[in-house]
>>> print(open('data_28.txt').read())   # compact mmCIF, C-alpha atoms (C1' of nucleotides)
# COMPACT_ATOMS: atom_id res chain seq x y z
CA MET A 25 25.27 16.45 2.11
CA PHE A 26 21.71 15.18 2.36
CA THR A 27 19.68 12.80 4.47
CA LEU A 28 17.26 10.43 2.82
CA ALA A 29 14.37 8.53 4.40
CA THR A 30 12.15 5.78 3.02
CA TRP A 31 8.85 4.81 4.60
CA ASN A 32 5.94 2.61 3.60
CA ILE A 33 3.20 4.89 4.92
CA ASN A 34 0.14 2.67 4.22
CA SER A 35 -2.11 5.59 3.16
CA VAL A 36 -0.58 9.05 2.96
CA ARG A 37 -3.99 10.71 3.44
CA LEU A 38 -4.86 8.83 6.64
CA ARG A 39 -1.36 9.42 8.01
CA GLU A 40 -0.68 12.96 6.83
CA GLY A 41 -0.06 13.94 10.44
CA LEU A 42 2.51 11.18 10.97
CA VAL A 43 4.38 12.24 7.83
CA ALA A 44 4.43 15.84 9.12
CA ARG A 45 5.70 14.65 12.50
CA LEU A 46 8.54 12.72 10.86
CA LEU A 47 9.45 15.72 8.72
CA ARG A 48 9.48 17.98 11.80
CA GLU A 49 11.41 15.62 14.07
CA GLU A 50 13.93 14.16 11.64
CA ALA A 51 13.95 16.76 8.86
CA PRO A 52 15.26 14.46 6.14
CA ASP A 53 16.06 16.36 2.94
CA ILE A 54 14.22 13.73 0.93
CA LEU A 55 11.40 11.39 1.98
CA CYS A 56 10.39 8.50 -0.25
CA LEU A 57 6.95 7.07 0.50
CA GLN A 58 5.34 3.83 -0.64
CA GLU A 59 1.75 2.62 -0.44
CA CYS A 60 0.37 6.15 -0.61
CA LYS A 61 -2.94 4.60 -1.73
CA SER A 62 -3.92 7.85 -3.40
CA PRO A 63 -4.10 9.48 -6.80
CA VAL A 64 -1.30 12.06 -7.07
CA GLU A 65 -3.74 14.97 -7.14
CA LYS A 66 -5.21 13.93 -3.78
CA ILE A 67 -1.90 13.70 -1.90
CA PRO A 68 -2.12 16.33 0.89
CA LEU A 69 0.69 18.67 -0.17
CA THR A 70 -0.14 21.83 1.78
CA MET A 71 1.29 20.74 5.13
CA PHE A 72 4.38 19.26 3.49
CA GLN A 73 4.98 22.54 1.65
CA GLU A 74 4.56 24.52 4.87
CA LEU A 75 7.37 22.40 6.29
CA GLY A 76 9.62 23.31 3.35
CA TYR A 77 9.07 20.27 1.16
CA ASN A 78 8.24 22.14 -2.01
CA TRP A 79 9.21 19.44 -4.48
CA ILE A 80 7.29 16.26 -5.19
CA VAL A 81 7.66 13.56 -7.81
CA ALA A 82 4.96 10.91 -7.56
CA ARG A 83 2.92 8.22 -9.26
CA GLY A 84 -0.44 7.25 -7.84
CA GLN A 85 -3.58 5.24 -8.29
CA LYS A 86 -6.86 5.01 -6.43
CA GLY A 87 -6.81 2.85 -3.32
CA TYR A 88 -3.65 0.81 -3.94
CA ASN A 89 0.10 1.18 -4.29
CA GLY A 90 1.47 4.63 -5.09
CA VAL A 91 4.97 6.06 -4.60
CA ALA A 92 6.06 9.62 -3.87
CA ILE A 93 9.32 11.48 -3.39
CA LEU A 94 9.02 14.62 -1.21
CA SER A 95 12.06 16.87 -1.16
CA ARG A 96 13.23 20.20 0.21
CA LEU A 97 16.05 20.13 -2.36
CA PRO A 98 15.16 20.69 -6.02
CA ILE A 99 14.41 17.46 -7.88
CA GLU A 100 13.24 16.70 -11.38
CA ASP A 101 11.09 13.81 -12.53
CA ALA A 102 13.28 11.04 -13.94
CA GLY A 103 10.47 8.76 -15.11
CA ASP A 104 8.95 5.49 -14.05
CA ARG A 105 8.67 1.92 -15.24
CA ASP A 106 5.75 -0.51 -15.15
CA TYR A 107 7.72 -3.52 -13.88
CA ALA A 108 6.11 -6.86 -14.79
CA LYS A 109 3.43 -4.91 -16.73
CA LEU A 110 1.11 -4.88 -13.73
CA GLY A 111 -0.24 -1.39 -14.42
CA HIS A 112 0.52 -0.49 -10.79
CA ALA A 113 2.16 2.67 -9.45
CA ARG A 114 5.20 0.96 -7.92
CA HIS A 115 8.19 2.91 -9.23
CA VAL A 116 9.20 6.50 -9.74
CA ALA A 117 12.59 8.14 -10.12
CA ALA A 118 13.85 11.65 -9.43
CA ARG A 119 17.14 13.44 -10.06
CA LEU A 120 18.90 15.89 -7.76
CA GLU A 121 20.86 18.87 -9.09
CA ASN A 122 24.12 17.08 -8.22
CA GLY A 123 23.18 14.39 -10.75
CA VAL A 124 22.23 11.72 -8.23
CA THR A 125 19.23 9.64 -9.32
CA ILE A 126 16.83 8.27 -6.71
CA HIS A 127 14.66 5.25 -7.49
CA ASN A 128 11.67 4.75 -5.19
CA MET A 129 10.26 1.21 -5.43
CA TYR A 130 7.39 -0.79 -4.02
CA VAL A 131 7.86 -4.47 -4.87
CA PRO A 132 4.65 -6.57 -4.80
CA ALA A 133 4.06 -8.42 -1.52
CA GLY A 134 3.41 -11.64 -3.42
CA GLY A 135 0.45 -13.21 -1.62
CA ASP A 136 0.61 -16.00 0.93
CA ILE A 137 1.61 -19.13 -0.98
CA PRO A 138 5.23 -19.21 -2.21
CA ASP A 139 4.49 -21.11 -5.42
CA ARG A 140 3.85 -19.42 -8.76
CA GLU A 141 1.76 -22.37 -9.99
CA LEU A 142 -0.69 -21.95 -7.11
CA ASN A 143 -0.45 -18.20 -6.62
CA VAL A 144 -0.33 -15.72 -9.50
CA LYS A 145 0.82 -12.92 -7.20
CA PHE A 146 3.96 -14.80 -6.20
CA GLY A 147 4.91 -15.21 -9.87
CA GLN A 148 4.32 -11.51 -10.45
CA LYS A 149 6.63 -10.69 -7.56
CA LEU A 150 9.41 -12.87 -8.96
CA ASP A 151 8.87 -11.41 -12.44
CA PHE A 152 9.00 -7.88 -11.04
CA VAL A 153 12.35 -8.53 -9.34
CA SER A 154 13.70 -10.36 -12.42
CA GLU A 155 12.90 -7.30 -14.50
CA MET A 156 14.74 -5.12 -11.98
CA ARG A 157 17.75 -7.38 -12.53
CA ASP A 158 17.46 -7.07 -16.32
CA VAL A 159 17.07 -3.28 -16.23
CA PHE A 160 20.05 -2.83 -13.92
CA HIS A 161 22.14 -5.17 -16.05
CA ALA A 162 21.30 -3.16 -19.18
CA ASP A 163 21.56 0.31 -17.61
CA ASN A 164 24.63 -0.11 -15.38
CA PRO A 165 23.39 2.62 -13.00
CA GLN A 166 25.80 5.30 -11.77
CA ARG A 167 25.47 7.86 -8.97
CA SER A 168 22.17 6.24 -8.04
CA ILE A 169 20.26 5.41 -4.89
CA LEU A 170 17.47 2.84 -4.74
CA VAL A 171 15.10 2.84 -1.81
CA GLY A 172 11.78 1.34 -0.93
CA ASP A 173 9.68 -1.49 0.36
CA LEU A 174 11.26 -4.42 -1.48
CA ASN A 175 9.08 -6.89 0.45
CA ILE A 176 12.02 -9.29 0.81
CA ALA A 177 14.19 -9.77 3.90
CA PRO A 178 17.40 -11.22 2.43
CA ARG A 179 19.56 -12.09 5.44
CA GLU A 180 19.06 -14.55 8.25
CA ASP A 181 19.35 -11.67 10.70
CA ASP A 182 16.77 -9.65 8.76
CA VAL A 183 13.99 -11.78 10.27
CA TRP A 184 13.00 -12.87 13.77
CA SER A 185 13.41 -16.56 12.90
CA HIS A 186 15.21 -17.63 9.75
CA LYS A 187 14.12 -21.22 10.19
CA GLN A 188 10.46 -20.43 10.80
CA LEU A 189 10.26 -18.04 7.86
CA LEU A 190 11.94 -20.16 5.17
CA LYS A 191 8.54 -21.01 3.67
CA ILE A 192 6.96 -17.64 4.41
CA VAL A 193 6.67 -15.20 1.52
CA SER A 194 9.29 -12.43 1.97
CA HIS A 195 12.08 -14.77 3.14
CA THR A 196 11.93 -17.82 0.85
CA PRO A 197 15.21 -18.84 -0.83
CA ILE A 198 13.80 -18.19 -4.33
CA GLU A 199 12.86 -14.60 -3.42
CA VAL A 200 16.21 -13.95 -1.75
CA GLU A 201 17.96 -15.38 -4.82
CA HIS A 202 15.99 -13.06 -7.10
CA LEU A 203 16.67 -10.02 -4.94
CA LEU A 204 20.41 -10.72 -4.71
CA ALA A 205 20.55 -11.19 -8.50
CA ALA A 206 18.92 -7.77 -8.98
CA GLN A 207 21.27 -6.22 -6.43
CA ASP A 208 24.29 -7.79 -8.10
CA ALA A 209 23.21 -6.72 -11.60
CA GLY A 210 23.34 -3.06 -10.56
CA LYS A 211 26.33 -3.57 -8.25
CA TRP A 212 24.11 -2.04 -5.56
CA VAL A 213 25.56 -1.74 -2.07
CA ASP A 214 23.16 -2.38 0.81
CA VAL A 215 23.78 0.88 2.66
CA THR A 216 21.88 -0.11 5.80
CA ARG A 217 23.97 -3.23 6.27
CA GLN A 218 27.17 -1.39 5.30
CA ASP A 219 26.51 0.85 8.31
CA ILE A 220 24.95 -1.76 10.62
CA PRO A 221 26.65 -5.03 9.61
CA GLU A 222 25.79 -7.09 12.66
CA GLY A 223 22.66 -8.11 14.48
CA LEU A 224 18.93 -8.46 14.07
CA LEU A 225 17.42 -5.56 12.14
CA TYR A 226 13.76 -5.08 11.25
CA SER A 227 11.70 -2.38 9.54
CA TRP A 228 8.25 -4.05 9.61
CA TRP A 229 6.09 -5.64 12.27
CA SER A 230 2.69 -7.13 11.38
CA TYR A 231 -0.51 -5.44 12.53
CA ARG A 232 -1.74 -8.92 13.44
CA SER A 233 0.53 -9.24 16.42
CA PRO A 234 -1.27 -8.00 19.56
CA ASP A 235 1.96 -6.74 21.10
CA TRP A 236 4.37 -6.15 18.23
CA ASN A 237 7.02 -4.56 20.44
CA ALA A 238 7.25 -7.35 23.02
CA ALA A 239 6.84 -10.17 20.50
CA ASP A 240 9.30 -8.43 18.16
CA LYS A 241 8.57 -10.73 15.24
CA GLY A 242 9.89 -8.29 12.66
CA ARG A 243 11.38 -8.40 9.20
CA ARG A 244 13.69 -6.00 7.31
CA LEU A 245 11.64 -5.36 4.17
CA ASP A 246 12.64 -1.73 3.56
CA HIS A 247 16.00 -0.97 2.03
CA ILE A 248 18.43 1.73 0.97
CA TRP A 249 20.92 0.77 -1.74
CA ALA A 250 23.54 2.88 -3.53
CA THR A 251 25.84 2.34 -6.50
CA PRO A 252 29.52 1.78 -5.62
CA ASP A 253 30.62 5.20 -6.95
CA ILE A 254 28.67 6.90 -4.13
CA SER A 255 28.24 4.15 -1.53
CA ASN A 256 31.29 5.30 0.44
CA ALA A 257 29.58 8.66 0.90
CA ALA A 258 26.79 6.97 2.86
CA HIS A 259 26.76 6.81 6.64
CA GLY A 260 24.57 7.18 9.69
CA SER A 261 21.93 4.60 8.76
CA ARG A 262 19.05 4.22 11.19
CA ILE A 263 15.70 2.46 11.41
CA LEU A 264 13.21 4.46 13.48
CA ARG A 265 11.58 1.65 15.42
CA ASP A 266 9.79 4.10 17.75
CA VAL A 267 7.71 5.36 14.81
CA ARG A 268 6.03 1.94 14.67
CA GLY A 269 4.66 2.78 18.13
CA TRP A 270 3.13 6.14 17.19
CA GLN A 271 -0.65 6.58 17.34
CA GLN A 272 -2.40 4.73 14.47
CA PRO A 273 0.93 3.76 12.92
CA SER A 274 2.01 2.32 9.62
CA ASP A 275 3.17 -1.28 9.99
CA HIS A 276 6.55 -0.13 8.59
CA ALA A 277 9.21 2.02 10.26
CA PRO A 278 11.20 4.67 8.36
CA VAL A 279 14.74 3.81 7.24
CA LEU A 280 17.29 6.65 6.97
CA ALA A 281 20.78 7.26 5.61
CA THR A 282 22.97 10.33 5.07
CA PHE A 283 25.11 10.91 1.98
CA ASP A 284 28.09 13.30 1.92
CA LEU A 285 27.76 14.35 -1.71
C1' DA B 3 -3.28 -25.63 11.62
C1' DT B 4 -5.49 -21.47 12.07
C1' DG B 5 -6.48 -16.73 12.55
C1' DG B 6 -4.92 -12.77 13.93
C1' DT B 7 -5.27 -6.49 12.13
C1' DG B 8 -5.67 -2.63 9.11
C1' DG B 9 -6.83 0.44 4.73
C1' DC B 10 -9.30 1.04 0.64
C1' DC B 11 -14.37 2.17 0.52
C1' DA B 12 -18.68 0.25 1.55
C1' DA B 13 -18.01 -5.90 -0.51
C1' DG B 14 -14.20 -7.92 -1.09
C1' DC B 15 -9.40 -7.11 -2.27
C1' DC B 16 -4.90 -6.35 -0.73
C1' DA B 17 -1.24 -6.21 2.59
>>> encode(input="data_28.txt", output="structure tokens")
Amino acid sequence: MFTLATWNINSVRLREGLVARLLREEAPDILCLQECKSPVEKIPLTMFQELGYNWIVARGQKGYNGVAILSRLPIEDAGDRDYAKLGHARHVAARLENGVTIHNMYVPAGGDIPDRELNVKFGQKLDFVSEMRDVFHADNPQRSILVGDLNIAPREDDVWSHKQLLKIVSHTPIEVEHLLAAQDAGKWVDVTRQDIPEGLLYSWWSYRSPDWNAADKGRRLDHIWATPDISNAAHGSRILRDVRGWQQPSDHAPVLATFDL
DNA sequence: ATGGTGGCCAAGCCA
């Protein structure tokens, strides 16, 4: 049995202390981070190792993007892929000794205008997710977990106002369509919604809102998926909303799930 | 309709 957490940390060096606090208070066996904004060699490993997280599989770059998998269970590097040929550090995979593969992903945000003719970044986002679909279709993943900041809130109850966000990047029909096609191609089960099927659920609140907690204009951008052969082992999903209120927080909250495997 | 905040690193890009 292991507990897995995913968290867009928005700079792992600035928020080293917040990562340590999460590891102390929640003690997930595995923590997948996105937006580390650091070369791998500059990720602050000492404190994580002192807390028992002796294994790391990561891809980094200076200033932007970056994904890391910290683990207190042995993991081996299972490679990466440069989706949409962006040259960004947005994917890395690791394998546990029980054969379970973990994919840690950071899908591009996609800019502000939801039109690929007017906004190159939106096209790159759609291409990234289309390539996910193609890879999953070709690979037919087994005993796999996919986590990360997918930067798309697929359901009406994954956003504070479905109607008001229909033309806002992260909740447009074309993005949702692309994400569901990728999910379907790998037969991925949305573990968070398997456990919490009803009600509004968010993992991100903008920094630009003066009182994020009272306004509560959130979106569920961070996800945990599993292939059907292991999805029934998943339970206990949580989104740690309180973490969004910690001192100098990330704009994302951690998402957790436990697997009896 | 607009601008609001935050991190990279020291101007403008990205989210």
>>> interface_residues(input="data_28.txt", of="chain B", to="chain A", cutoff="8 Å", atoms="all atoms listed in the file", output="PyMOL selection string")
chain B and resi 6-10+16-17
>>> atom_distance(input="data_28.txt", atom1="atom CA of A:Asp104", atom2="atom CA of A:Ser261")
26.3 Å
>>> residues_around(input="data_28.txt", residues="A:Trp212", least_positions_apart="4", cutoff="8 Å", atoms="only C-alpha atoms (C1' of nucleotides)", output="MDAnalysis selection string")
chainID A and resid 207:208 249:252
>>> atom_distance(input="data_28.txt", atom1="atom CA of A:Ile80", atom2="atom CA of A:Pro165")
22.5 Å
>>> residues_near_point(input="data_28.txt", point="(6.4, 7.0, -4.0)", cutoff="7 Å", atoms="all atoms listed in the file", output="JSON, numbers by chain")
{"A": [56, 57, 58, 60, 82, 83, 90, 91, 92, 93, 115, 116, 128]}
>>> residues_near_point(input="data_28.txt", point="(13.7, 21.8, 2.4)", cutoff="7 Å", atoms="all atoms listed in the file", output="ChimeraX atom specification")
/A:53,76-77,95-97
>>> decode(input="data_28.txt", residues="stretch 92-113 of chain A", atoms="N, CA, C and O atoms", output="compact mmCIF listing (two decimals), in the first residue's frame")
# COMPACT_ATOMS: atom_id res chain seq x y z
N ALA A 92 9.36 16.55 -10.93
CA ALA A 92 10.19 15.70 -10.06
C ALA A 92 9.30 14.71 -9.33
O ALA A 92 8.15 15.03 -8.98
N ILE A 93 9.83 13.51 -9.12
CA ILE A 93 9.15 12.49 -8.33
C ILE A 93 10.05 12.18 -7.14
O ILE A 93 11.15 11.64 -7.31
N LEU A 94 9.62 12.57 -5.94
CA LEU A 94 10.32 12.24 -4.70
C LEU A 94 9.66 11.01 -4.10
O LEU A 94 8.44 10.90 -4.09
N SER A 95 10.47 10.09 -3.58
CA SER A 95 9.88 8.85 -3.07
C SER A 95 10.67 8.32 -1.88
O SER A 95 11.89 8.43 -1.84
N ARG A 96 9.95 7.74 -0.90
CA ARG A 96 10.65 7.01 0.15
C ARG A 96 10.62 5.51 -0.12
O ARG A 96 11.18 4.74 0.66
N LEU A 97 9.99 5.11 -1.22
CA LEU A 97 10.08 3.74 -1.73
C LEU A 97 11.04 3.76 -2.91
O LEU A 97 11.11 4.75 -3.64
N PRO A 98 11.77 2.66 -3.13
CA PRO A 98 12.69 2.65 -4.28
C PRO A 98 11.95 2.84 -5.60
O PRO A 98 10.91 2.23 -5.83
N ILE A 99 12.48 3.72 -6.43
CA ILE A 99 11.95 3.91 -7.78
C ILE A 99 13.11 3.95 -8.76
O ILE A 99 14.24 4.32 -8.40
N GLU A 100 12.82 3.56 -10.00
CA GLU A 100 13.82 3.70 -11.05
C GLU A 100 13.26 4.62 -12.14
O GLU A 100 12.05 4.70 -12.34
N ASP A 101 14.18 5.30 -12.80
CA ASP A 101 13.82 6.21 -13.89
C ASP A 101 13.20 5.41 -15.03
O ASP A 101 13.78 4.43 -15.48
N ALA A 102 12.04 5.82 -15.48
CA ALA A 102 11.36 5.13 -16.58
C ALA A 102 11.24 6.04 -17.81
O ALA A 102 10.39 5.83 -18.67
N GLY A 103 12.08 7.08 -17.87
CA GLY A 103 12.17 7.88 -19.08
C GLY A 103 11.27 9.09 -19.11
O GLY A 103 10.56 9.40 -18.15
N ASP A 104 11.32 9.78 -20.22
CA ASP A 104 10.52 10.99 -20.40
C ASP A 104 10.16 11.10 -21.88
O ASP A 104 10.64 10.32 -22.69
N ARG A 105 9.31 12.06 -22.18
CA ARG A 105 8.96 12.32 -23.57
C ARG A 105 8.79 13.81 -23.76
O ARG A 105 8.21 14.49 -22.92
N ASP A 106 9.29 14.32 -24.88
CA ASP A 106 9.16 15.74 -25.19
C ASP A 106 7.89 15.94 -26.01
O ASP A 106 7.93 16.12 -27.22
N TYR A 107 6.74 15.93 -25.30
CA TYR A 107 5.44 16.07 -25.97
C TYR A 107 5.39 17.39 -26.74
O TYR A 107 5.81 18.43 -26.26
N ALA A 108 4.88 17.31 -27.96
CA ALA A 108 4.71 18.46 -28.86
C ALA A 108 6.05 19.12 -29.22
O ALA A 108 6.06 20.24 -29.72
N LYS A 109 7.16 18.39 -28.94
CA LYS A 109 8.50 18.88 -29.31
C LYS A 109 8.76 20.31 -28.86
O LYS A 109 9.30 21.15 -29.59
N LEU A 110 8.37 20.61 -27.62
CA LEU A 110 8.55 21.96 -27.10
C LEU A 110 9.93 22.16 -26.51
O LEU A 110 10.35 23.30 -26.28
N GLY A 111 10.63 21.06 -26.21
CA GLY A 111 11.92 21.17 -25.53
C GLY A 111 11.78 21.59 -24.08
O GLY A 111 12.72 22.12 -23.49
N HIS A 112 10.59 21.35 -23.50
CA HIS A 112 10.34 21.69 -22.10
C HIS A 112 10.41 20.45 -21.23
O HIS A 112 10.13 19.35 -21.70
N ALA A 113 10.74 20.65 -19.94
CA ALA A 113 10.73 19.54 -18.98
C ALA A 113 9.33 19.42 -18.39
O ALA A 113 9.02 20.02 -17.36
